[in-house]
Amino acid sequence: MAHARAFLCLILIFWATKPANAWDYERHRLINGLALKSLPKEFPRFVLLPTNLERVKFLAGEPDRWRNTRDRGLRHLNNPDHYFDVEYLELYHIKTETLSHFRYRFVEQMANARSKLKLELPEANADHIKNYPGFLPWSINEHYLKLLSAFSYLKVFEEMGTQQEIKNAQANVIYRMGILSHFVGDTSQPLHTTKHFNGWTGDNPNDYTTRRSFHSWIDGKFFINTQPPNEVKLQKQLRPAKLLIRPESKELASGHFQASLNYILKQHELVVPLYQLDKDGHLSEDSPDKGRLFLEKQLLVGAQMLGDLWFTAWKEAPPDRFLQGYLAKRKLNNK
Ligand SMILES: [Zn+2]
């Protein structure tokens, strides 16, 4: 028991020092720029107007701006949406196969495990987010569903609304695309999927780095100190955005939770290779080529998933039936 407690304390120390960002703002902007390029010709044209392109890129940094606040209520709500430290599920005896796609069901799963396993909450827990692996898969899916809703009502306003309403609905689509983009981008930085988010923790048989600056090095300092990613080269490697397929199971039917989770787990598999690259000196200023290849690929992976989610939301969005009824009535009453 004492051993378990010591383990928990150790975990909590690391949780307490979670770094503030994933990719830096420039890398998030780049992911969004690439994702926009992946959109097929039939995608709504207003999105590609220069002011909207810039706004989608600007919004890439928005959920990290929320993290800048010292307000504990907002930190409590927002911070865990940016990561999913897969290993911590073990602490709760929860498997990825049994995660509910409903956020609060997952909270219940953790609460039940906490009381059954007698896991104690830490005393220093100002934001009340310690002990959570994070909510990244739910965050991506929920923001996807909000974007889907924005497309649903835009489609109806375009048929039956005023010019003002169409403009407002379009502005909301842009906003929703931008907010979703951040969390999809975060995921492609593998350190957002692991308890080793800021240097290796615990047993370290492979002698991986424990540098506390490792996270920020990957976020952007590597690129800043060597050279920025080659955007033109990355654009050439893009495939067009494609429709995401939903699993048959009704249990997994809400939005694209499963695709989001699979995407996260895939990036989690890259945590060890990333640390190995660092150990072998390939993430250094002297010999950056292999590290660059790895990280540029991650920027591309993030951009493709983002383009796929944007494209799928637009394709899947059904017309908003409630709004249709409301606007039909309004038309009758105005006659
Ligand atoms: Zn973030």
# chains A, B, ... in the order shown; residues from 1 in each chain; ligands from 1
$ residues_near_ligand --ligand "ligand 1" --cutoff "6 Å" --atoms "only C-alpha atoms and all ligand atoms" --output "short mmCIF file (atom, residue, chain, number, x, y, z; two decimals) with N, CA and C atoms, in the first residue's frame"
data_model
loop_
_atom_site.label_atom_id
_atom_site.label_comp_id
_atom_site.auth_asym_id
_atom_site.auth_seq_id
_atom_site.Cartn_x
_atom_site.Cartn_y
_atom_site.Cartn_z
N ASN A 21 1.74 23.98 -23.30
CA ASN A 21 1.34 23.91 -24.71
C ASN A 21 1.71 22.58 -25.33
N ALA A 22 1.15 22.36 -26.55
CA ALA A 22 1.69 21.25 -27.37
C ALA A 22 2.53 21.89 -28.44
N ASP A 64 -5.22 27.21 -26.43
CA ASP A 64 -4.02 27.42 -25.62
C ASP A 64 -4.05 28.80 -24.97
N HIS A 82 -6.67 18.88 -23.48
CA HIS A 82 -5.54 18.95 -24.43
C HIS A 82 -4.67 17.70 -24.44
N ASP A 186 -2.94 19.10 -31.40
CA ASP A 186 -2.24 18.67 -30.17
C ASP A 186 -1.90 17.19 -30.22
#
$ residues_around --residues "Asn32 of chain A" --least-positions-apart "4" --cutoff "12 Å" --atoms "only C-alpha atoms" --output "PyMOL selection string"
chain A and resi 25-28+36-39+52-61+174+177-186+231+235+299-307+310
$ write_last_selection --atoms "C-alpha atoms" --output "mmCIF file, in the first residue's frame"
data_model
loop_
_atom_site.group_PDB
_atom_site.id
_atom_site.type_symbol
_atom_site.label_atom_id
_atom_site.label_comp_id
_atom_site.auth_asym_id
_atom_site.auth_seq_id
_atom_site.Cartn_x
_atom_site.Cartn_y
_atom_site.Cartn_z
ATOM 1 C CA TYR A 25 1.369 28.577 -32.239
ATOM 2 C CA GLU A 26 3.419 28.501 -35.456
ATOM 3 C CA ARG A 27 3.205 24.707 -35.694
ATOM 4 C CA HIS A 28 -0.557 24.768 -35.015
ATOM 5 C CA LEU A 36 -7.069 23.700 -45.522
ATOM 6 C CA LYS A 37 -5.036 22.702 -48.571
ATOM 7 C CA SER A 38 -6.289 19.117 -48.279
ATOM 8 C CA LEU A 39 -9.944 20.135 -48.681
ATOM 9 C CA ASN A 52 -11.439 33.115 -43.311
ATOM 10 C CA LEU A 53 -8.219 31.245 -44.092
ATOM 11 C CA GLU A 54 -6.398 33.599 -41.759
ATOM 12 C CA ARG A 55 -9.089 33.280 -39.084
ATOM 13 C CA VAL A 56 -8.950 29.468 -39.104
ATOM 14 C CA LYS A 57 -5.175 29.698 -38.678
ATOM 15 C CA PHE A 58 -5.486 32.293 -35.897
ATOM 16 C CA LEU A 59 -7.968 30.096 -34.032
ATOM 17 C CA ALA A 60 -5.456 27.238 -34.084
ATOM 18 C CA GLY A 61 -3.990 28.864 -30.971
ATOM 19 C CA ILE A 174 -15.140 29.077 -39.281
ATOM 20 C CA MET A 177 -13.318 24.582 -37.523
ATOM 21 C CA GLY A 178 -10.683 26.624 -35.709
ATOM 22 C CA ILE A 179 -11.468 25.348 -32.210
ATOM 23 C CA LEU A 180 -11.598 21.698 -33.317
ATOM 24 C CA SER A 181 -8.287 22.153 -35.110
ATOM 25 C CA HIS A 182 -6.373 22.831 -31.927
ATOM 26 C CA PHE A 183 -7.125 19.517 -30.255
ATOM 27 C CA VAL A 184 -6.537 17.498 -33.418
ATOM 28 C CA GLY A 185 -3.217 19.297 -33.814
ATOM 29 C CA ASP A 186 -2.245 18.673 -30.171
ATOM 30 C CA GLU A 231 5.656 23.893 -45.824
ATOM 31 C CA GLN A 235 1.961 20.386 -49.140
ATOM 32 C CA LEU A 299 2.572 17.792 -38.602
ATOM 33 C CA LEU A 300 1.295 16.132 -41.760
ATOM 34 C CA VAL A 301 -0.540 13.409 -39.804
ATOM 35 C CA GLY A 302 -2.304 16.089 -37.741
ATOM 36 C CA ALA A 303 -3.234 18.061 -40.854
ATOM 37 C CA GLN A 304 -4.680 15.017 -42.637
ATOM 38 C CA MET A 305 -6.810 13.972 -39.664
ATOM 39 C CA LEU A 306 -8.034 17.532 -39.310
ATOM 40 C CA GLY A 307 -8.913 17.820 -43.001
ATOM 41 C CA TRP A 310 -13.689 18.973 -41.366
#
$ residues_around --residues "segment 259-271 of chain A" --least-positions-apart "6" --cutoff "10 Å" --atoms "only C-alpha atoms" --output "ChimeraX atom specification"
/A:83-87,96-97,99,101,136-141,144,184,186-197,244-247,252,294,298,301-302,305,309
$ closest_residue --among "A:Ser149, A:Gln276, A:Gln170, A:Asn78" --to "Leu49 of chain A" --atoms "only C-alpha atoms"
A:Gln170
$ select_by_dssp --residues "segment 204-327 of chain A" --states "helix (DSSP H, G or I)" --output "VMD selection string"
chain A and resid 214 to 225 231 to 236 250 to 252 257 to 268 271 to 279 289 to 316 321 to 327
$ atom_distance --atom1 "atom CA of Leu243 of chain A" --atom2 "atom CA of Ala313 of chain A"
8.8 Å
$ residues_around --residues "Pro319 of chain A" --least-positions-apart "2" --cutoff "7 Å" --atoms "only C-alpha atoms" --output "PyMOL selection string"
chain A and resi 152-153+155-156+317+321
$ closest_residue --among "A:Ile31, A:Ile129, A:Val47, A:Leu77" --to "Leu238 of chain A" --atoms "only C-alpha atoms"
A:Ile31
$ decode --residues "segment 161-215 of chain A" --atoms "C-alpha atoms" --output "PDB file, in the first residue's frame"
ATOM      1  CA  GLY A 161     -32.560  32.374 -44.087  1.00  0.00           C
ATOM      2  CA  THR A 162     -31.632  36.038 -44.528  1.00  0.00           C
ATOM      3  CA  GLN A 163     -28.234  37.177 -45.795  1.00  0.00           C
ATOM      4  CA  GLN A 164     -27.414  38.239 -42.236  1.00  0.00           C
ATOM      5  CA  GLU A 165     -28.251  34.785 -40.857  1.00  0.00           C
ATOM      6  CA  ILE A 166     -26.167  33.049 -43.533  1.00  0.00           C
ATOM      7  CA  LYS A 167     -23.205  35.290 -42.730  1.00  0.00           C
ATOM      8  CA  ASN A 168     -23.504  34.573 -39.010  1.00  0.00           C
ATOM      9  CA  ALA A 169     -23.790  30.827 -39.585  1.00  0.00           C
ATOM     10  CA  GLN A 170     -20.736  30.887 -41.859  1.00  0.00           C
ATOM     11  CA  ALA A 171     -18.774  32.777 -39.192  1.00  0.00           C
ATOM     12  CA  ASN A 172     -19.721  30.057 -36.695  1.00  0.00           C
ATOM     13  CA  VAL A 173     -18.506  27.317 -39.055  1.00  0.00           C
ATOM     14  CA  ILE A 174     -15.140  29.077 -39.281  1.00  0.00           C
ATOM     15  CA  TYR A 175     -14.970  29.413 -35.492  1.00  0.00           C
ATOM     16  CA  ARG A 176     -15.874  25.766 -34.946  1.00  0.00           C
ATOM     17  CA  MET A 177     -13.318  24.582 -37.523  1.00  0.00           C
ATOM     18  CA  GLY A 178     -10.683  26.624 -35.709  1.00  0.00           C
ATOM     19  CA  ILE A 179     -11.468  25.348 -32.210  1.00  0.00           C
ATOM     20  CA  LEU A 180     -11.598  21.698 -33.317  1.00  0.00           C
ATOM     21  CA  SER A 181      -8.287  22.153 -35.110  1.00  0.00           C
ATOM     22  CA  HIS A 182      -6.373  22.831 -31.927  1.00  0.00           C
ATOM     23  CA  PHE A 183      -7.125  19.517 -30.255  1.00  0.00           C
ATOM     24  CA  VAL A 184      -6.537  17.498 -33.418  1.00  0.00           C
ATOM     25  CA  GLY A 185      -3.217  19.297 -33.814  1.00  0.00           C
ATOM     26  CA  ASP A 186      -2.245  18.673 -30.171  1.00  0.00           C
ATOM     27  CA  THR A 187      -2.661  14.939 -30.660  1.00  0.00           C
ATOM     28  CA  SER A 188      -0.097  14.686 -33.414  1.00  0.00           C
ATOM     29  CA  GLN A 189       2.540  15.761 -30.883  1.00  0.00           C
ATOM     30  CA  PRO A 190       3.032  12.287 -29.320  1.00  0.00           C
ATOM     31  CA  LEU A 191       3.958  13.742 -25.919  1.00  0.00           C
ATOM     32  CA  HIS A 192       0.287  14.703 -25.532  1.00  0.00           C
ATOM     33  CA  THR A 193      -0.643  11.047 -25.266  1.00  0.00           C
ATOM     34  CA  THR A 194       1.705   9.919 -22.502  1.00  0.00           C
ATOM     35  CA  LYS A 195       2.679  10.265 -18.882  1.00  0.00           C
ATOM     36  CA  HIS A 196       6.207  10.811 -20.221  1.00  0.00           C
ATOM     37  CA  PHE A 197       5.062  14.177 -21.539  1.00  0.00           C
ATOM     38  CA  ASN A 198       7.996  16.121 -20.254  1.00  0.00           C
ATOM     39  CA  GLY A 199      10.945  13.765 -20.040  1.00  0.00           C
ATOM     40  CA  TRP A 200      10.798  10.062 -19.137  1.00  0.00           C
ATOM     41  CA  THR A 201       9.308   9.263 -15.722  1.00  0.00           C
ATOM     42  CA  GLY A 202       9.631   6.259 -13.422  1.00  0.00           C
ATOM     43  CA  ASP A 203      11.605   3.171 -14.420  1.00  0.00           C
ATOM     44  CA  ASN A 204      13.955   4.068 -17.222  1.00  0.00           C
ATOM     45  CA  PRO A 205      15.765   0.918 -18.423  1.00  0.00           C
ATOM     46  CA  ASN A 206      16.532   2.472 -21.821  1.00  0.00           C
ATOM     47  CA  ASP A 207      17.972   5.570 -20.251  1.00  0.00           C
ATOM     48  CA  TYR A 208      15.734   7.997 -22.122  1.00  0.00           C
ATOM     49  CA  THR A 209      16.024  11.690 -21.449  1.00  0.00           C
ATOM     50  CA  THR A 210      14.458  13.111 -18.299  1.00  0.00           C
ATOM     51  CA  ARG A 211      15.063  16.691 -19.441  1.00  0.00           C
ATOM     52  CA  ARG A 212      12.145  18.863 -18.343  1.00  0.00           C
ATOM     53  CA  SER A 213      12.692  20.933 -21.468  1.00  0.00           C
ATOM     54  CA  PHE A 214      12.032  17.990 -23.808  1.00  0.00           C
ATOM     55  CA  HIS A 215       8.382  18.864 -24.406  1.00  0.00           C
TER      56      HIS A 215
END
